[in-house]
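Q: The structure's right below; bear with me while I get my questions together.
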Amino acid sequence: MAEVVNMPRLGLNEDASVLGEWFVSEGDPVQNGDELFSIETDKSSMTVYSETGGTVLKRFYEPYDVVPVMTPVCVIGNPGEDISGIQPAKAGTEAEPVQEQRTVPVPPTTEASISAPAPASQTGGFLSPRARRLAEANAVDASLLTASGAEGRVIEADVIRAMEAFPVPAAQAAPSVPEASAAVRTDDSRLEKTSPIRRAIAKNMVRSLSSTAQLTSHMTYNASCIQRYREWLKLSPGDEKNVTITDMVLFATAKALQQFNYMNAHMVSDEEIKYFDDINLGCAVDTERGLMVPTIQKAQELSLVELSRRLKELAAKCRDGSIRPEEMSGATFTVSNLGGFGVTGFTPILNPPQIGILGIGTIDYAVKKTNEGILYYPAGHLSLTYDHRAVDGAPSSKFLQAVCKNLEQFDQLV
Amino acid sequence: MTKELYLDPAQIRARGTSAFKDIPLNNYQKKMKDVLGEFTSEELINIFFDMLTIREFETMMQDLRLTGKYCDMAYNYSGPAHLGIGQESVAVGQAFLLDCNDAVFGTHRSHGELIAKGFSALRKLTDRELEEIMERSNGGAQYRVVKEHFSLDVRETAKRFYLYGIMAEIFGRKNGFAEGLGNSMHAFFIPFGVYPNNAIVGGSAPIATGAALYKKNMRKKGIIVANAGDGSLGCGPVWESMNFASMDQYKTLWEEGYKGGLPILFNFNNNGYGMGGQTSGETMAYGILARVGAGINPDQMHAERIDGFNVFAVIDAMKRKKKLLEEGKGPALLDVITYRFSGHSTSDANPNRTQEEINAWEAQDAIADYEKQLVENAVLTKEQADSLREEVRSLIFSVFKLAVDDSISPRMDLLREPDSIEKYMYSNRHMPKMADTPVEVCAPKEENPRLQRLKKKSRDGIKDGKELPSSAVVQLRDAIFESVLDKFYEDPTLVSFGEDLRIWGSAYGAYKDLDKSVPYHRLFNSGISESAIVGASVGYAMMGGRALPELMYCDFLGRAGDEVLNQLAKWQSMTAGQVRMPVVLRMGVGAKYGAQHSQDWSSICAHVPGLKVVFPVTPYDAKGLLNSALSGTDPVIYLESQSLYGIGETFHKGGVPKDYYEIPIGEPDIKRRGSDLTILTIGATLYKAIEAAKLFEDQYGISAEVIDARSIVPFNFGPVQESVKKTGRIIIASDACQKGSIINDFAQNICSSLFNYLDAPPVVLGARNWITPVYELEDSFFPQADWFLDAYHQKIQPLPGYTPKRSFSVAEMDRRNKAGV
């Protein structure tokens, strides 16, 4: 019996993914666990492994083709098997999610016995036309929505809720993506088609900017403490010696977020903000394929060295493409570092529904007048973008001050 | 219903007898030799010519249907062919004295009357008049064809013009007198006084009665002839019409100058059969048809039997009856004996009569007999008669060739001109009055006592945010009254009749005190004769007047089914817009009175093309829409909810304007603004929807927009679509039984136009498909406020913590459908 390998759904909002490269050819024997192909999305690259043994009977796509999620990518089975019934999706369409056939309870036949309508969660898998229209216009995957309409129908309100709760993650910077399409060259310019990843990023960026009220505050801190502390750590024999400035900022941020819970939140809708106990830190990692943002779960429970270790594990997975989607989701706050490029300040773009993102800038040197006189010190730059719908300038500044203070007194923090 | 007439028990209960006068049977026995001094030989030859023309015309029709060709020219005609071969002398005798001021109405078998009346009328017109008529007809289309193919004098050209217009009509050509939309059974030519034939047996009787009312009221010259067959005496509307034309009040109550019965002759062409049924002896009980008149009025309708095979007997009878009618002694009835040699239609194999019988009548063929008399009396030689037959044959054939030639006589091209028929469905004219003569009223309008009383009432139903009591406000019934009163003082042609209108003021007092301003002949009580009420209105309007009939209850629509659904709705388009139909039919939608007095049948009317249908439910809308209806030229079904007659205006700011204003027919009105749910209502359900909207808002924070359809046909969906685009949800409700209701049609329209905007299927909320139960159980039958919540909860979005009382599940819907309830 031939096994169809579908394009997995990597994120809630993805309706298509780009096939990366093939690790098998048609006719190759494969075993359970063998690498089949890689996928690229705007945020991650991952490998799809075979979950069965057999022969690769058919590959439907070439590298860098766009494949609708949940539709066939290849078929594994016994040689000679008839697979003519298996067809790839038509270009540009997302396959209908396969719905489980539910046994519908026998409805009442007389007015005397009216049962309550189906519970809201019991979705019949149907979208109202209005909900479908809205979902399509905003690339919301409605198949996973909770239906609150009558007769198990997903209605407009459900899509709106989903858009507010799970917006498409926004990237902070453009990943470098292979430019697969042909360029049209003229004398003084060239016109190129954007890649699917580029388009996805563009859409996400614009959505973030258009759907939130974001603004950025910049602040500098005296980095002499963390620099000293890092020098000290380098002397230790264990993993402590690998702790980076980024790790330390993450650590300081996690501690500040514990104190300032109002920054550790999702703006679920205009009416509701969800505050989290756990601090799940999204952390931007630069990879060959572009920027990726794995999540460090429960950062508040980790020591500095645990945090550092965890980030390195995730970064390695990102680089080798083995990162799982769940390791890249659920962040309650994000930290992004462009300091390595000498950037002194920038305006990171929020990942809605998160209400804050902290940008780490470079450390340069500055002078300032203190009570002891003119001080020449290493100045670290921080840029905090926050959603003004959720939090105002003063409280967000207090949070930023707290992060700075944590960094300036890092030895006391650890 | 009047105090002027005293029901004296002593007189009514007194012993005595009622005697009928003798009914003359075939009294006229003169032949041509006896009347040579009364007719010129030209007239005698014309009579022969006309009879031959009809015979040849019908023979052509018969040949086409039976052999597929006429004079060896093939033509495929598959339309109706109800032929009058054998009945020619009746048609020609009847038409002989009539001119274009006299109006004849026909039957499904009236080619003969059509030709005879037209030829008679055209002989009485001057060349100049004829040319004008021909030039005006269909923009000169028929005249151009005839002039191009014949070079004859005006009168001879006119005959061909007329035959061509009829043939083109029967063959469904654009050059037909009704552009082919009338066809064989509905042919007519109004300029010659030939009013539409009617495919419904007896259908012309009520219409002709209304035409006679118009002649009488508007003091027009001429008489009305309602042609019918003997079979039509089995039809109620014919009896209703004869009574309507005879009502005592014309003598007892109508004003001087308007006294006397209607100038109408009910002419029964008695060929012995109603299709196959043998009237005398099998299907009817009158024995001798002429006896019927004695049952209708004390004059016995001046009824007599005439030998229709003797054209001079028919002419004589017409002469006498015409005089009676002109003297105000109508109506009259003729039982004209005739016989059709052809079957009911060409597909009739005559299973019901013997060849012996047919032969016996054919042996007395009126045309052969007349020819013999012409020769005997030396009016024509046999050779001249034969050549006249040849002349007629080539006349018919020459016109036939033009009528069936697609290049000369094309059909409507509905692909190239898709509005060819559509444009005739409504005339859509704004004509505040149908004539420019003085209005006849009893007193200045301002003196009307009700108008004076209304001055003291509040025109707004709401004062300082509170609803005023009914007795303090201008009510819906007053709004109707004001509109009707205004129109009586504006349009001199306006008449209003129905049951209990005058003095009683109609069942719910809308017309109370109208009699103080409007004389009898414009406002009167009819018999309990719904067919005649509506049918007479159709005829009255067809002649150029405006009528405002009332059926007390919508439930009585069934009694006027043919008149509303086949006549009122269709004559504008069946005449290709040559008649207008300014008739506003008021009907009450009842309540509290059970199964036969509580039905909203707007959907039945809406289904039939050609009617406009409105259902206002606030005083402001009632007056504005009635003003529009009464100033238009189309038939409007105007529904009134009897449960709302006493309400004041609670929606329109400032209440009901005292002065004249119009609300365009077809425009819905937003009665309450909202953003989450659209509710569209037809009729009195509006008030339940408003209640529901308050519940939605107060208990669930759902903001409902309530739109009152006001009109059903035509209907502008724009405002509803705008609303649904905003809300994504719609409930459409009405008090009509839901099966086949127009609200389903509305829902389908919303689905089609706004499918992608819908967040739930449009919910249709009609009355149950039962009989209307007693008043105390009506809450379970008509949609109530909580039905809206029940339906919303189950079809749109569950309401938190809500427990519905009624099922709107698909299973319940399926069950009801399967059970037919």
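In the structure tokens, each chain is lettered A, B, ... as it comes, each chain's residues begin at 1, and ligands are numbered from 1 in order of appearance.
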Near Phe105 (chain B), counting only C-alpha atoms, which residues have an atom at most 7 Å away, once you skip same-chain residues fewer than 4 positions from it, shown as a list of chain:residue names?
A: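 Here the answer would be B:Val194, B:Tyr195, B:Pro196, B:Asn197, B:Ser204, B:Ala208, B:Val225, B:Ala226, B:Asn227.
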Q: Could you list, as a PDB file with N, CA and C atoms, in the first residue's frame, the residues of chain B having an atom within 9 Å of chain A when counting only C-alpha atoms?
A:
ATOM      1  N   GLY B 728     -23.585  40.284   7.687  1.00  0.00           N
ATOM      2  CA  GLY B 728     -23.299  38.890   7.334  1.00  0.00           C
ATOM      3  C   GLY B 728     -24.399  37.917   7.690  1.00  0.00           C
ATOM      4  N   PHE B 755     -23.435  35.681  -1.468  1.00  0.00           N
ATOM      5  CA  PHE B 755     -22.997  34.410  -0.880  1.00  0.00           C
ATOM      6  C   PHE B 755     -21.708  34.580  -0.074  1.00  0.00           C
ATOM      7  N   ASN B 756     -20.765  35.274  -0.649  1.00  0.00           N
ATOM      8  CA  ASN B 756     -19.465  35.382   0.012  1.00  0.00           C
ATOM      9  C   ASN B 756     -19.469  36.286   1.237  1.00  0.00           C
ATOM     10  N   TYR B 757     -20.564  36.992   1.406  1.00  0.00           N
ATOM     11  CA  TYR B 757     -20.633  37.859   2.578  1.00  0.00           C
ATOM     12  C   TYR B 757     -21.364  37.207   3.740  1.00  0.00           C
ATOM     13  N   LEU B 758     -21.959  36.054   3.471  1.00  0.00           N
ATOM     14  CA  LEU B 758     -22.829  35.464   4.491  1.00  0.00           C
ATOM     15  C   LEU B 758     -22.041  34.688   5.527  1.00  0.00           C
ATOM     16  N   ASP B 759     -22.436  34.887   6.769  1.00  0.00           N
ATOM     17  CA  ASP B 759     -21.787  34.185   7.863  1.00  0.00           C
ATOM     18  C   ASP B 759     -22.660  33.027   8.326  1.00  0.00           C
ATOM     19  N   ALA B 760     -23.851  32.952   7.778  1.00  0.00           N
ATOM     20  CA  ALA B 760     -24.786  31.876   8.096  1.00  0.00           C
ATOM     21  C   ALA B 760     -25.816  31.884   6.969  1.00  0.00           C
ATOM     22  N   PRO B 761     -26.511  30.776   6.767  1.00  0.00           N
ATOM     23  CA  PRO B 761     -27.535  30.797   5.722  1.00  0.00           C
ATOM     24  C   PRO B 761     -28.604  31.823   6.086  1.00  0.00           C
ATOM     25  N   TYR B 792     -32.137  32.293  15.468  1.00  0.00           N
ATOM     26  CA  TYR B 792     -30.763  32.795  15.520  1.00  0.00           C
ATOM     27  C   TYR B 792     -29.868  31.798  16.251  1.00  0.00           C
ATOM     28  N   HIS B 793     -30.368  31.325  17.380  1.00  0.00           N
ATOM     29  CA  HIS B 793     -29.607  30.401  18.224  1.00  0.00           C
ATOM     30  C   HIS B 793     -29.256  29.121  17.467  1.00  0.00           C
ATOM     31  N   GLN B 794     -30.172  28.650  16.664  1.00  0.00           N
ATOM     32  CA  GLN B 794     -29.960  27.355  16.017  1.00  0.00           C
ATOM     33  C   GLN B 794     -29.396  27.438  14.610  1.00  0.00           C
ATOM     34  N   LYS B 795     -29.586  28.590  13.958  1.00  0.00           N
ATOM     35  CA  LYS B 795     -29.126  28.665  12.568  1.00  0.00           C
ATOM     36  C   LYS B 795     -27.939  29.612  12.381  1.00  0.00           C
ATOM     37  N   ILE B 796     -27.752  30.538  13.286  1.00  0.00           N
ATOM     38  CA  ILE B 796     -26.708  31.545  13.058  1.00  0.00           C
ATOM     39  C   ILE B 796     -25.576  31.420  14.060  1.00  0.00           C
ATOM     40  N   GLN B 797     -25.904  31.575  15.336  1.00  0.00           N
ATOM     41  CA  GLN B 797     -24.859  31.473  16.354  1.00  0.00           C
ATOM     42  C   GLN B 797     -25.532  31.216  17.695  1.00  0.00           C
ATOM     43  N   PRO B 798     -25.090  30.172  18.375  1.00  0.00           N
ATOM     44  CA  PRO B 798     -25.724  29.887  19.659  1.00  0.00           C
ATOM     45  C   PRO B 798     -25.641  31.096  20.589  1.00  0.00           C
ATOM     46  N   TYR B 802     -28.925  30.241  26.253  1.00  0.00           N
ATOM     47  CA  TYR B 802     -30.295  30.330  25.723  1.00  0.00           C
ATOM     48  C   TYR B 802     -30.859  28.937  25.450  1.00  0.00           C
ATOM     49  N   THR B 803     -32.088  28.728  25.828  1.00  0.00           N
ATOM     50  CA  THR B 803     -32.756  27.466  25.519  1.00  0.00           C
ATOM     51  C   THR B 803     -33.921  27.750  24.574  1.00  0.00           C
ATOM     52  N   PRO B 804     -33.806  27.297  23.334  1.00  0.00           N
ATOM     53  CA  PRO B 804     -34.874  27.585  22.378  1.00  0.00           C
ATOM     54  C   PRO B 804     -36.131  26.754  22.668  1.00  0.00           C
ATOM     55  N   LYS B 805     -37.266  27.303  22.274  1.00  0.00           N
ATOM     56  CA  LYS B 805     -38.519  26.581  22.476  1.00  0.00           C
ATOM     57  C   LYS B 805     -38.947  25.827  21.218  1.00  0.00           C
ATOM     58  N   ARG B 806     -38.486  26.298  20.076  1.00  0.00           N
ATOM     59  CA  ARG B 806     -38.897  25.667  18.819  1.00  0.00           C
ATOM     60  C   ARG B 806     -37.666  25.186  18.069  1.00  0.00           C
ATOM     61  N   SER B 807     -37.850  24.114  17.338  1.00  0.00           N
ATOM     62  CA  SER B 807     -36.718  23.571  16.607  1.00  0.00           C
ATOM     63  C   SER B 807     -36.594  24.206  15.231  1.00  0.00           C
ATOM     64  N   SER B 809     -33.936  23.001  13.439  1.00  0.00           N
ATOM     65  CA  SER B 809     -32.896  22.109  12.947  1.00  0.00           C
ATOM     66  C   SER B 809     -33.215  21.646  11.535  1.00  0.00           C
ATOM     67  N   VAL B 810     -32.187  21.198  10.861  1.00  0.00           N
ATOM     68  CA  VAL B 810     -32.376  20.672   9.504  1.00  0.00           C
ATOM     69  C   VAL B 810     -33.271  19.433   9.558  1.00  0.00           C
ATOM     70  N   ALA B 811     -33.101  18.636  10.585  1.00  0.00           N
ATOM     71  CA  ALA B 811     -33.909  17.423  10.691  1.00  0.00           C
ATOM     72  C   ALA B 811     -35.391  17.771  10.808  1.00  0.00           C
ATOM     73  N   GLU B 812     -35.666  18.803  11.592  1.00  0.00           N
ATOM     74  CA  GLU B 812     -37.058  19.211  11.751  1.00  0.00           C
ATOM     75  C   GLU B 812     -37.601  19.776  10.436  1.00  0.00           C
ATOM     76  N   ARG B 815     -38.260  16.877   8.230  1.00  0.00           N
ATOM     77  CA  ARG B 815     -39.451  16.154   8.659  1.00  0.00           C
ATOM     78  C   ARG B 815     -40.720  16.875   8.193  1.00  0.00           C
TER      79      ARG B 815
END
Q: Set the distance at 10 Å and use only C-alpha atoms: which residues neighbour region 173-180 of chain B once local chain neighbours fewer than 5 positions away are removed? I'd like the list as a PyMOL selection string.
A: chain B and resi 137-143+145+162-168+186-190+403-406+408-413+420-421+573-578
Q: Separation of CA of Leu407 (chain A) and CA of Ala331 (chain A), in Å?
A: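 Separation between CA of Leu407 (chain A) and CA of Ala331 (chain A): 22.1 Å.
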Q: Can you list, as a count of residues only, every protein, DNA or RNA residue that comes within 8 Å of Ala256 (chain A) when you count only C-alpha atoms, leaving out same-chain residues fewer than 5 positions away?
A: 4
